[in-house]
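Quick look at protein.txt (compact mmCIF, C-alpha atoms):
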# COMPACT_ATOMS: atom_id res chain seq x y z
CA MET T 1 0.00 0.00 0.00
CA SER T 2 1.33 3.40 -0.94
CA ASP T 3 2.08 6.05 1.61
CA VAL T 4 -0.82 8.18 0.33
CA ALA T 5 -3.25 5.27 0.57
CA GLU T 6 -2.16 4.56 4.11
CA ARG T 7 -2.61 8.17 5.20
CA VAL T 8 -5.98 8.49 3.45
CA LYS T 9 -7.27 5.35 5.16
CA LYS T 10 -6.02 6.53 8.54
CA ILE T 11 -7.95 9.79 8.15
CA VAL T 12 -11.09 7.91 7.13
CA VAL T 13 -10.83 5.52 10.09
CA GLU T 14 -10.27 8.34 12.54
CA HIS T 15 -12.89 10.62 11.11
CA LEU T 16 -15.75 8.22 10.55
CA GLY T 17 -14.92 5.98 13.48
CA VAL T 18 -15.13 2.83 11.36
CA GLU T 19 -13.07 -0.36 11.56
CA GLU T 20 -9.91 -0.34 9.48
CA ALA T 21 -10.93 -3.55 7.72
CA LYS T 22 -14.01 -1.84 6.29
CA VAL T 23 -11.96 0.92 4.67
CA THR T 24 -11.22 -0.93 1.44
CA ASP T 25 -10.28 0.78 -1.82
CA THR T 26 -13.76 0.41 -3.24
CA ALA T 27 -15.62 1.40 -0.08
CA SER T 28 -18.06 4.26 -0.66
CA PHE T 29 -17.95 6.91 2.06
CA ILE T 30 -21.72 7.32 2.10
CA ASP T 31 -23.04 3.87 1.14
CA ASP T 32 -20.51 1.64 2.90
CA LEU T 33 -19.00 3.74 5.65
CA GLY T 34 -22.07 5.61 6.87
CA ALA T 35 -20.86 9.13 6.11
CA ASP T 36 -23.36 11.98 5.78
CA SER T 37 -22.88 14.99 3.51
CA LEU T 38 -21.11 17.00 6.20
CA ASP T 39 -18.77 14.06 6.87
CA THR T 40 -17.72 14.04 3.23
CA VAL T 41 -16.98 17.77 3.35
CA GLU T 42 -14.97 17.27 6.53
CA LEU T 43 -13.04 14.41 4.94
CA VAL T 44 -12.15 16.58 1.96
CA MET T 45 -10.99 19.33 4.34
CA ALA T 46 -8.94 16.78 6.28
CA PHE T 47 -7.33 15.50 3.07
CA GLU T 48 -6.50 19.07 2.04
CA GLU T 49 -4.86 19.70 5.38
CA GLU T 50 -2.94 16.40 5.49
CA PHE T 51 -1.61 16.63 1.94
CA GLY T 52 -1.34 20.41 1.57
CA CYS T 53 -3.35 20.39 -1.62
CA GLU T 54 -6.55 22.08 -2.69
CA ILE T 55 -9.49 19.95 -3.77
CA PRO T 56 -11.91 22.10 -5.82
CA ASP T 57 -15.65 21.60 -5.28
CA ASP T 58 -16.24 19.95 -8.64
CA ALA T 59 -13.45 17.44 -7.95
CA ALA T 60 -14.65 16.89 -4.39
CA GLU T 61 -18.08 15.91 -5.70
CA LYS T 62 -16.48 13.07 -7.62
CA ILE T 63 -14.60 11.68 -4.64
CA LEU T 64 -17.07 9.05 -3.57
CA THR T 65 -14.84 6.15 -2.59
CA VAL T 66 -11.55 5.64 -0.79
CA LYS T 67 -9.90 4.91 -4.12
CA ASP T 68 -11.22 8.15 -5.65
CA ALA T 69 -9.55 10.07 -2.85
CA ILE T 70 -6.23 8.25 -3.15
CA GLU T 71 -6.12 8.72 -6.92
CA PHE T 72 -6.96 12.41 -6.76
CA ILE T 73 -4.33 13.09 -4.14
CA GLU T 74 -1.64 11.01 -5.88
CA SER T 75 -2.16 12.94 -9.11
CA HIS T 76 -2.42 16.40 -7.51
CA SER T 77 -0.06 16.61 -4.55
CA GLY T 78 3.45 17.68 -5.13
CA MET G 1 -25.25 26.73 35.83
CA PHE G 2 -23.89 28.63 32.85
CA ASP G 3 -20.25 28.01 33.76
CA LEU G 4 -17.92 28.87 30.88
CA SER G 5 -14.61 27.98 32.54
CA GLY G 6 -12.01 26.91 30.00
CA LYS G 7 -14.07 28.10 27.02
CA LYS G 8 -12.50 30.43 24.49
CA ALA G 9 -14.61 33.17 23.00
CA LEU G 10 -14.27 35.78 20.26
CA VAL G 11 -16.49 38.86 20.41
CA THR G 12 -16.55 41.26 17.45
CA GLY G 13 -17.44 44.89 18.03
CA ALA G 14 -16.17 44.43 21.57
CA SER G 15 -15.49 48.11 22.18
CA GLY G 16 -19.15 49.03 21.69
CA GLY G 17 -21.66 49.13 24.52
CA ILE G 18 -23.27 45.75 23.88
CA GLY G 19 -20.03 44.05 22.77
CA ALA G 20 -18.15 45.17 25.88
CA ALA G 21 -20.97 43.93 28.12
CA ILE G 22 -20.99 40.57 26.33
CA ALA G 23 -17.21 40.21 26.73
CA GLN G 24 -17.49 41.14 30.38
CA ALA G 25 -20.29 38.64 31.04
CA LEU G 26 -18.49 35.78 29.25
CA ALA G 27 -15.30 36.51 31.20
CA GLU G 28 -17.22 36.65 34.48
CA ARG G 29 -18.46 33.12 33.76
CA GLY G 30 -14.87 31.97 33.28
CA ALA G 31 -14.29 32.25 29.53
CA LEU G 32 -11.09 33.56 27.99
CA VAL G 33 -12.23 36.30 25.61
CA ALA G 34 -10.66 37.76 22.47
CA LEU G 35 -11.88 41.31 21.91
CA SER G 36 -12.13 42.46 18.32
CA GLY G 37 -12.93 45.85 16.86
CA THR G 38 -11.39 48.73 14.97
CA ARG G 39 -10.60 51.11 17.84
CA GLU G 40 -7.55 49.66 19.55
CA ASP G 41 -7.48 52.13 22.45
CA ALA G 42 -11.13 51.40 23.24
CA LEU G 43 -10.46 47.63 23.05
CA ALA G 44 -7.49 48.02 25.38
CA ALA G 45 -9.72 49.87 27.86
CA VAL G 46 -12.23 46.99 27.84
CA ALA G 47 -9.39 44.47 28.14
CA ASP G 48 -8.11 46.32 31.21
CA THR G 49 -11.41 45.72 33.01
CA LEU G 50 -11.20 41.98 32.26
CA GLY G 51 -7.61 41.51 33.43
CA ASP G 52 -6.03 38.19 32.45
CA LYS G 53 -9.26 36.95 30.85
CA ALA G 54 -8.85 39.18 27.78
CA ARG G 55 -6.86 39.21 24.57
CA VAL G 56 -7.06 41.99 21.98
CA VAL G 57 -7.29 41.08 18.28
CA PRO G 58 -8.07 44.24 16.27
CA CYS G 59 -9.86 43.83 12.95
CA ASN G 60 -11.61 46.08 10.46
CA LEU G 61 -14.55 43.97 9.25
CA SER G 62 -14.94 46.17 6.14
CA ASP G 63 -11.67 44.67 4.90
CA PRO G 64 -12.20 41.11 3.54
CA ALA G 65 -8.54 40.13 4.03
CA ALA G 66 -8.68 41.25 7.66
CA VAL G 67 -11.87 39.23 8.15
CA GLU G 68 -10.16 36.08 6.84
CA ALA G 69 -7.26 36.63 9.23
CA LEU G 70 -9.36 37.24 12.35
CA VAL G 71 -10.39 33.72 13.37
CA PRO G 72 -6.86 32.28 12.96
CA ALA G 73 -5.53 35.23 14.97
CA ALA G 74 -8.09 34.65 17.72
CA GLU G 75 -7.40 30.90 17.76
CA ALA G 76 -3.69 31.62 18.12
CA ALA G 77 -4.25 34.18 20.90
CA LEU G 78 -6.69 31.98 22.83
CA GLY G 79 -5.43 28.48 22.02
CA GLY G 80 -8.66 27.52 20.22
CA LEU G 81 -12.14 28.95 19.71
CA ASP G 82 -15.34 27.57 21.24
CA ILE G 83 -17.69 30.56 21.17
CA LEU G 84 -18.04 33.12 18.37
CA VAL G 85 -20.20 36.17 18.99
CA ASN G 86 -20.89 38.08 15.79
CA ASN G 87 -21.79 41.35 17.46
CA ALA G 88 -20.16 43.99 15.26
CA GLY G 89 -22.60 46.04 13.29
CA LEU G 90 -23.08 49.48 11.88
CA THR G 91 -25.93 51.61 10.61
CA ARG G 92 -26.16 53.92 7.61
CA ASP G 93 -29.76 55.05 7.98
CA MET G 94 -31.63 56.73 5.15
CA LEU G 95 -35.04 56.40 3.56
CA ALA G 96 -34.75 53.88 0.75
CA VAL G 97 -35.36 56.32 -2.10
CA ARG G 98 -32.31 58.30 -0.98
CA LEU G 99 -30.15 55.38 0.18
CA ARG G 100 -26.83 55.21 -1.66
CA ASP G 101 -25.48 51.91 -3.00
CA GLU G 102 -22.31 52.26 -0.97
CA ASP G 103 -24.30 52.61 2.26
CA TRP G 104 -26.32 49.52 1.37
CA ASP G 105 -23.17 47.57 0.50
CA GLN G 106 -21.18 48.56 3.55
CA VAL G 107 -23.91 47.61 6.01
CA ILE G 108 -24.40 44.22 4.34
CA ALA G 109 -20.62 43.66 4.18
CA VAL G 110 -19.96 44.29 7.86
CA ASN G 111 -23.18 43.07 9.48
CA LEU G 112 -23.85 40.02 7.32
CA SER G 113 -20.97 38.98 5.03
CA ALA G 114 -18.29 39.33 7.70
CA SER G 115 -20.46 37.30 10.09
CA PHE G 116 -20.70 34.55 7.51
CA ARG G 117 -16.96 34.48 6.86
CA LEU G 118 -16.11 34.44 10.55
CA SER G 119 -18.64 31.68 11.17
CA ARG G 120 -17.27 29.60 8.29
CA ALA G 121 -13.73 29.95 9.62
CA ALA G 122 -14.74 29.20 13.22
CA LEU G 123 -16.76 26.12 12.26
CA LYS G 124 -13.70 24.24 11.03
CA GLY G 125 -12.17 24.00 14.49
CA MET G 126 -15.54 23.58 16.21
CA MET G 127 -16.41 20.62 13.96
CA LYS G 128 -13.13 18.95 14.85
CA ARG G 129 -13.67 19.53 18.55
CA ARG G 130 -17.34 18.52 18.36
CA TRP G 131 -18.41 21.55 20.37
CA GLY G 132 -19.17 25.11 19.46
CA ARG G 133 -21.44 28.10 19.91
CA ILE G 134 -22.08 30.74 17.28
CA ILE G 135 -24.23 33.63 18.40
CA GLY G 136 -25.30 36.44 16.10
CA ILE G 137 -26.47 39.73 17.51
CA THR G 138 -29.33 40.62 15.22
CA SER G 139 -32.07 43.18 15.92
CA VAL G 140 -35.79 43.42 16.42
CA VAL G 141 -35.92 45.44 13.18
CA GLY G 142 -34.63 42.41 11.28
CA VAL G 143 -38.02 40.88 12.00
CA THR G 144 -40.31 43.91 12.15
CA GLY G 145 -38.66 46.25 9.63
CA ASN G 146 -38.11 49.92 10.33
CA PRO G 147 -38.40 52.98 8.10
CA GLY G 148 -34.99 54.41 7.25
CA GLN G 149 -33.22 51.14 7.95
CA CYS G 150 -33.83 48.88 4.97
CA ASN G 151 -30.12 48.08 4.71
CA TYR G 152 -29.71 47.43 8.42
CA ALA G 153 -32.96 45.45 8.68
CA ALA G 154 -31.99 43.35 5.64
CA SER G 155 -28.58 42.57 7.15
CA LYS G 156 -30.14 41.55 10.47
CA ALA G 157 -32.86 39.43 8.84
CA GLY G 158 -30.08 37.86 6.77
CA LEU G 159 -28.22 36.97 9.94
CA ILE G 160 -31.28 35.12 11.25
CA GLY G 161 -31.74 33.11 8.03
CA MET G 162 -28.04 32.34 7.85
CA SER G 163 -27.98 31.17 11.45
CA LYS G 164 -30.91 28.80 10.92
CA SER G 165 -29.20 27.23 7.92
CA LEU G 166 -25.86 26.89 9.70
CA ALA G 167 -27.66 25.44 12.72
CA ALA G 168 -29.17 22.69 10.58
CA GLU G 169 -25.82 21.92 8.96
CA VAL G 170 -23.77 21.48 12.12
CA ALA G 171 -26.26 20.37 14.76
CA GLN G 172 -24.84 16.83 14.73
CA ARG G 173 -21.40 18.17 15.63
CA GLY G 174 -22.42 19.56 19.01
CA ILE G 175 -22.48 23.07 17.61
CA THR G 176 -25.40 25.42 18.10
CA VAL G 177 -26.06 28.57 16.10
CA ASN G 178 -28.48 31.12 17.48
CA CYS G 179 -29.29 34.82 17.45
CA VAL G 180 -30.08 37.36 20.12
CA ALA G 181 -32.32 40.18 18.92
CA PRO G 182 -32.05 43.32 21.03
CA GLY G 183 -34.84 45.84 20.99
CA PHE G 184 -34.15 49.40 22.06
CA ILE G 185 -30.90 49.31 24.03
CA ALA G 186 -29.17 52.36 25.52
CA THR G 187 -25.88 52.58 23.58
CA ALA G 188 -23.98 55.06 21.42
CA MET G 189 -25.98 53.76 18.43
CA THR G 190 -29.33 54.64 19.99
CA ASP G 191 -28.01 57.94 21.42
CA LYS G 192 -28.08 59.26 17.86
CA LEU G 193 -31.89 59.25 17.94
CA ASN G 194 -33.56 62.53 18.86
CA ASP G 195 -35.80 62.95 21.92
CA ARG G 196 -39.01 62.70 19.93
CA GLN G 197 -37.87 59.43 18.35
CA LYS G 198 -36.88 58.08 21.78
CA GLU G 199 -40.23 59.10 23.29
CA GLY G 200 -42.07 57.38 20.47
CA ILE G 201 -40.10 54.19 20.94
CA LEU G 202 -40.47 54.16 24.73
CA SER G 203 -44.23 54.44 24.45
CA ALA G 204 -44.17 51.22 22.40
CA ILE G 205 -42.20 49.25 25.01
CA PRO G 206 -44.40 47.51 27.58
CA SER G 207 -41.51 47.47 30.08
CA GLY G 208 -41.42 51.26 29.84
CA ARG G 209 -37.64 51.47 29.68
CA MET G 210 -34.75 51.00 27.37
CA GLY G 211 -32.82 47.78 27.71
CA SER G 212 -29.26 47.70 28.97
CA PRO G 213 -26.24 46.05 27.32
CA GLU G 214 -26.22 43.67 30.31
CA ASP G 215 -29.70 42.45 29.35
CA ILE G 216 -28.26 41.34 26.01
CA ALA G 217 -25.10 39.90 27.55
CA ALA G 218 -27.14 37.64 29.84
CA ALA G 219 -28.94 36.16 26.83
CA VAL G 220 -25.60 35.53 25.12
CA VAL G 221 -24.21 33.80 28.23
CA TYR G 222 -27.23 31.51 28.27
CA LEU G 223 -26.90 30.54 24.59
CA ALA G 224 -23.14 30.03 25.02
CA SER G 225 -23.60 27.70 27.96
CA ALA G 226 -23.62 23.92 27.99
CA GLU G 227 -27.16 24.11 29.39
CA ALA G 228 -28.41 25.62 26.10
CA GLY G 229 -27.03 22.71 24.05
CA TYR G 230 -30.49 21.68 22.81
CA VAL G 231 -31.37 25.22 21.66
CA THR G 232 -30.35 25.88 18.07
CA GLY G 233 -31.53 27.91 15.09
CA GLN G 234 -33.43 30.20 17.42
CA THR G 235 -33.69 33.94 17.86
CA LEU G 236 -34.01 35.10 21.45
CA HIS G 237 -35.76 38.48 21.52
CA VAL G 238 -34.66 40.76 24.35
CA ASN G 239 -36.81 43.83 23.92
CA GLY G 240 -38.98 44.56 26.94
CA GLY G 241 -41.98 43.24 25.05
CA MET G 242 -41.85 45.82 22.23
CA ALA G 243 -42.31 43.01 19.70
CA MET G 244 -43.67 39.66 20.80
CA ILE G 245 -42.69 37.28 18.04

Serialized structure, structure tokens:
Amino acid sequence: MSDVAERVKKIVVEHLGVEEAKVTDTASFIDDLGADSLDTVELVMAFEEEFGCEIPDDAAEKILTVKDAIEFIESHSG
Amino acid sequence: MFDLSGKKALVTGASGGIGAAIAQALAERGALVALSGTREDALAAVADTLGDKARVVPCNLSDPAAVEALVPAAEAALGGLDILVNNAGLTRDMLAVRLRDEDWDQVIAVNLSASFRLSRAALKGMMKRRWGRIIGITSVVGVTGNPGQCNYAASKAGLIGMSKSLAAEVAQRGITVNCVAPGFIATAMTDKLNDRQKEGILSAIPSGRMGSPEDIAAAVVYLASAEAGYVTGQTLHVNGGMAMI
């Protein structure tokens, strides 16, 4: 697992209070991990803080799964 | 009841009559209070009365960059932020047909837009900490309207609608968002009214007197307290009965 993936999953576990095993690449924040709309905004803000990148609203809307987040961050953080 | 020990509060417009009373009341209940405003000497004078419970963080809310910097500055000065009191406000009264665009814009910018930006900034930390209080000082005229104050009344009504929406968004994070709506309070702002205006207003107040800044501060302390945790999206009218809404 890449460093980014590990950090993303850690944030998700901490923020949503879910078991690490449930945070698979394909897990959907809302459907599988019980996030509400404010949770998803908070996750995006937490990712921005952790990785020092900016996630625009239109990109944030497309980050629905753990994998979406990892891929966005890997391609946008420098 | 209403103990605020260990809580960190930011009060805008803290050199004004109501703002100073709010800062004083929060500090008396144990909160550490950041005082914000444009007049540094007046803020320092208020801070002196609060002793080690006060920090001064000057800010001109007409300046968007200064608004963005205020919450981080307050968080740094206090070591966090649990209670935000959006109290700063100004009036540029004129009958609508003669009201200039710049006087409309400035009142909306300071009373409403700055309150939104400060709330947005404060919410980030409050959401993480799962506790917060945002209290907007609105006005009875935001609900009743008042000739000569369409800009001011619009800004204050806007504050109420904004607070209700914010309240719904963050209720699950242990954060409440409420307003206090003063009626006719004896301050520098109401001193500008002439005697005939004051007489007319007093005759419409069942209590038969003007309110004091302390009357408003007590309502703020209540809404800031842990005991008011189930009260959100509300407007608490403190007006001697002049409008029963």

Select all residues from chain T having any atom no more than 10 Å from an atom of chain G (counting only C-alpha atoms, ignoring ligands), output as an mmCIF file with C-alpha atoms, in the coordinates of the input.
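Dumped to iface-v4.cif:
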data_model
loop_
_atom_site.group_PDB
_atom_site.id
_atom_site.type_symbol
_atom_site.label_atom_id
_atom_site.label_comp_id
_atom_site.auth_asym_id
_atom_site.auth_seq_id
_atom_site.Cartn_x
_atom_site.Cartn_y
_atom_site.Cartn_z
ATOM 1 C CA HIS T 15 -12.890 10.620 11.110
ATOM 2 C CA SER T 37 -22.880 14.990 3.510
ATOM 3 C CA LEU T 38 -21.110 17.000 6.200
ATOM 4 C CA ASP T 39 -18.770 14.060 6.870
ATOM 5 C CA GLU T 42 -14.970 17.270 6.530
ATOM 6 C CA MET T 45 -10.990 19.330 4.340
ATOM 7 C CA ALA T 46 -8.940 16.780 6.280
#

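Going from atom CA of Ile134 of chain G over to atom CA of Ser207 of chain G, you cover 28.7 Å.
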
- [ ] For a cut-off of 10 Å around (-37.1, 43.9, 16.4), file coordinates, pick out all residues using all atoms listed in the file and list them as a ChimeraX atom specification.
- [x] /G:138-146,153,156-157,181-184,237-239,241-245

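Residue neighbourhood of Ile73 of chain T, excluding near-sequence residues (fewer than 6 positions): Val4, Ala5, Val8, Phe47, Glu48, Phe51, Gly52, Cys53, Glu54, Ile55 and Lys67 of chain T, at 10 Å, using only C-alpha atoms.
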
Task: Using all atoms listed in the file: which of G:Ala88, G:Gly208, G:Ile108, G:Arg196 has the shortest distance to Thr12 of chain G - done: G:Ala88

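Picture a line from atom CA of Gly13 of chain G to atom CA of Thr176 of chain G; it runs 21.0 Å.
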
List the neighbours of Gln106 of chain G out to 10 Å using all atoms listed in the file; skip same-chain residues closer than 6 positions along the sequence, and give me the result as a compact mmCIF listing (two decimals) with C-alpha atoms, keeping the file's coordinate frame.
# COMPACT_ATOMS: atom_id res chain seq x y z
CA LEU G 61 -14.55 43.97 9.25
CA SER G 62 -14.94 46.17 6.14
CA LEU G 90 -23.08 49.48 11.88
CA THR G 91 -25.93 51.61 10.61
CA ARG G 92 -26.16 53.92 7.61
CA LEU G 112 -23.85 40.02 7.32
CA SER G 113 -20.97 38.98 5.03
CA ASN G 151 -30.12 48.08 4.71
CA TYR G 152 -29.71 47.43 8.42

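Nearest to Glu71 of chain T of all the residues T:Asp25, T:Glu14, T:Glu20, T:Glu50 is T:Asp25, based on all atoms listed in the file.
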
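With atom CA of Gln149 of chain G on one side and atom CA of Gly211 of chain G on the other, the separation reads 20.0 Å.
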
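Of the residues under consideration (G:Val177, G:Ser5, G:Gln24, G:Gly16), G:Gly16 shows the shortest atom-to-atom contact distance to Arg39 of chain G when counting only C-alpha atoms.
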
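Nearest residue to Ser165 of chain G, choosing from G:Ser225, G:Thr190, G:Ser212, G:Thr232 and counting only C-alpha atoms: G:Thr232.
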
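Compared by their closest atoms to Val44 of chain T, and using all atoms listed in the file, the residues T:Ala69, T:Val13, T:Ile30, T:Ala21 rank with T:Ala69 nearest.
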
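If you measure from each of G:Met1, G:Ile18, G:Ala121, G:Ala77 to Val33 of chain G using all atoms listed in the file, the closest one turns out to be G:Ala77.
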
Open item on the list: Env of Leu43 of chain T: 9 Å cut, atoms = only C-alpha atoms, seq-sep filter 6 positions within chain, self excluded. Answer as an MDAnalysis selection string.
Closed with: chainID T and resid 11:12 15:16

Open item on the list: If we draw a sphere of 10 Å around (-16.2, 32.1, 10.0), which residues have at least one atom in it when counting only C-alpha atoms? Please report them as a PyMOL selection string.
Closed with: chain G and resi 67-68+70-72+84+86+113-124+134

Completion step: segment 1-12 of chain G with N, CA and C atoms as a PDB file, in the frame of the given file:
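Dumped everything to rebuild_18.pdb:
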ATOM      1  N   MET G   1     -24.683  26.548  37.176  1.00  0.00           N
ATOM      2  CA  MET G   1     -25.250  26.730  35.830  1.00  0.00           C
ATOM      3  C   MET G   1     -24.485  27.809  35.065  1.00  0.00           C
ATOM      4  N   PHE G   2     -24.461  27.638  33.761  1.00  0.00           N
ATOM      5  CA  PHE G   2     -23.890  28.630  32.850  1.00  0.00           C
ATOM      6  C   PHE G   2     -22.407  28.895  33.096  1.00  0.00           C
ATOM      7  N   ASP G   3     -21.694  27.863  33.528  1.00  0.00           N
ATOM      8  CA  ASP G   3     -20.250  28.010  33.760  1.00  0.00           C
ATOM      9  C   ASP G   3     -19.520  27.913  32.425  1.00  0.00           C
ATOM     10  N   LEU G   4     -18.666  28.870  32.140  1.00  0.00           N
ATOM     11  CA  LEU G   4     -17.920  28.870  30.880  1.00  0.00           C
ATOM     12  C   LEU G   4     -16.414  28.698  31.103  1.00  0.00           C
ATOM     13  N   SER G   5     -16.036  28.161  32.242  1.00  0.00           N
ATOM     14  CA  SER G   5     -14.610  27.980  32.540  1.00  0.00           C
ATOM     15  C   SER G   5     -13.930  27.151  31.456  1.00  0.00           C
ATOM     16  N   GLY G   6     -12.779  27.638  31.003  1.00  0.00           N
ATOM     17  CA  GLY G   6     -12.010  26.910  30.000  1.00  0.00           C
ATOM     18  C   GLY G   6     -12.464  27.160  28.575  1.00  0.00           C
ATOM     19  N   LYS G   7     -13.604  27.825  28.385  1.00  0.00           N
ATOM     20  CA  LYS G   7     -14.070  28.100  27.020  1.00  0.00           C
ATOM     21  C   LYS G   7     -13.355  29.335  26.476  1.00  0.00           C
ATOM     22  N   LYS G   8     -13.174  29.328  25.151  1.00  0.00           N
ATOM     23  CA  LYS G   8     -12.500  30.430  24.490  1.00  0.00           C
ATOM     24  C   LYS G   8     -13.461  31.127  23.548  1.00  0.00           C
ATOM     25  N   ALA G   9     -13.595  32.431  23.736  1.00  0.00           N
ATOM     26  CA  ALA G   9     -14.610  33.170  23.000  1.00  0.00           C
ATOM     27  C   ALA G   9     -14.012  34.326  22.214  1.00  0.00           C
ATOM     28  N   LEU G  10     -14.623  34.590  21.046  1.00  0.00           N
ATOM     29  CA  LEU G  10     -14.270  35.780  20.260  1.00  0.00           C
ATOM     30  C   LEU G  10     -15.519  36.646  20.137  1.00  0.00           C
ATOM     31  N   VAL G  11     -15.381  37.913  20.505  1.00  0.00           N
ATOM     32  CA  VAL G  11     -16.490  38.860  20.410  1.00  0.00           C
ATOM     33  C   VAL G  11     -16.083  39.972  19.450  1.00  0.00           C
ATOM     34  N   THR G  12     -16.840  40.139  18.360  1.00  0.00           N
ATOM     35  CA  THR G  12     -16.550  41.260  17.450  1.00  0.00           C
ATOM     36  C   THR G  12     -17.321  42.486  17.932  1.00  0.00           C
TER      37      THR G  12
END
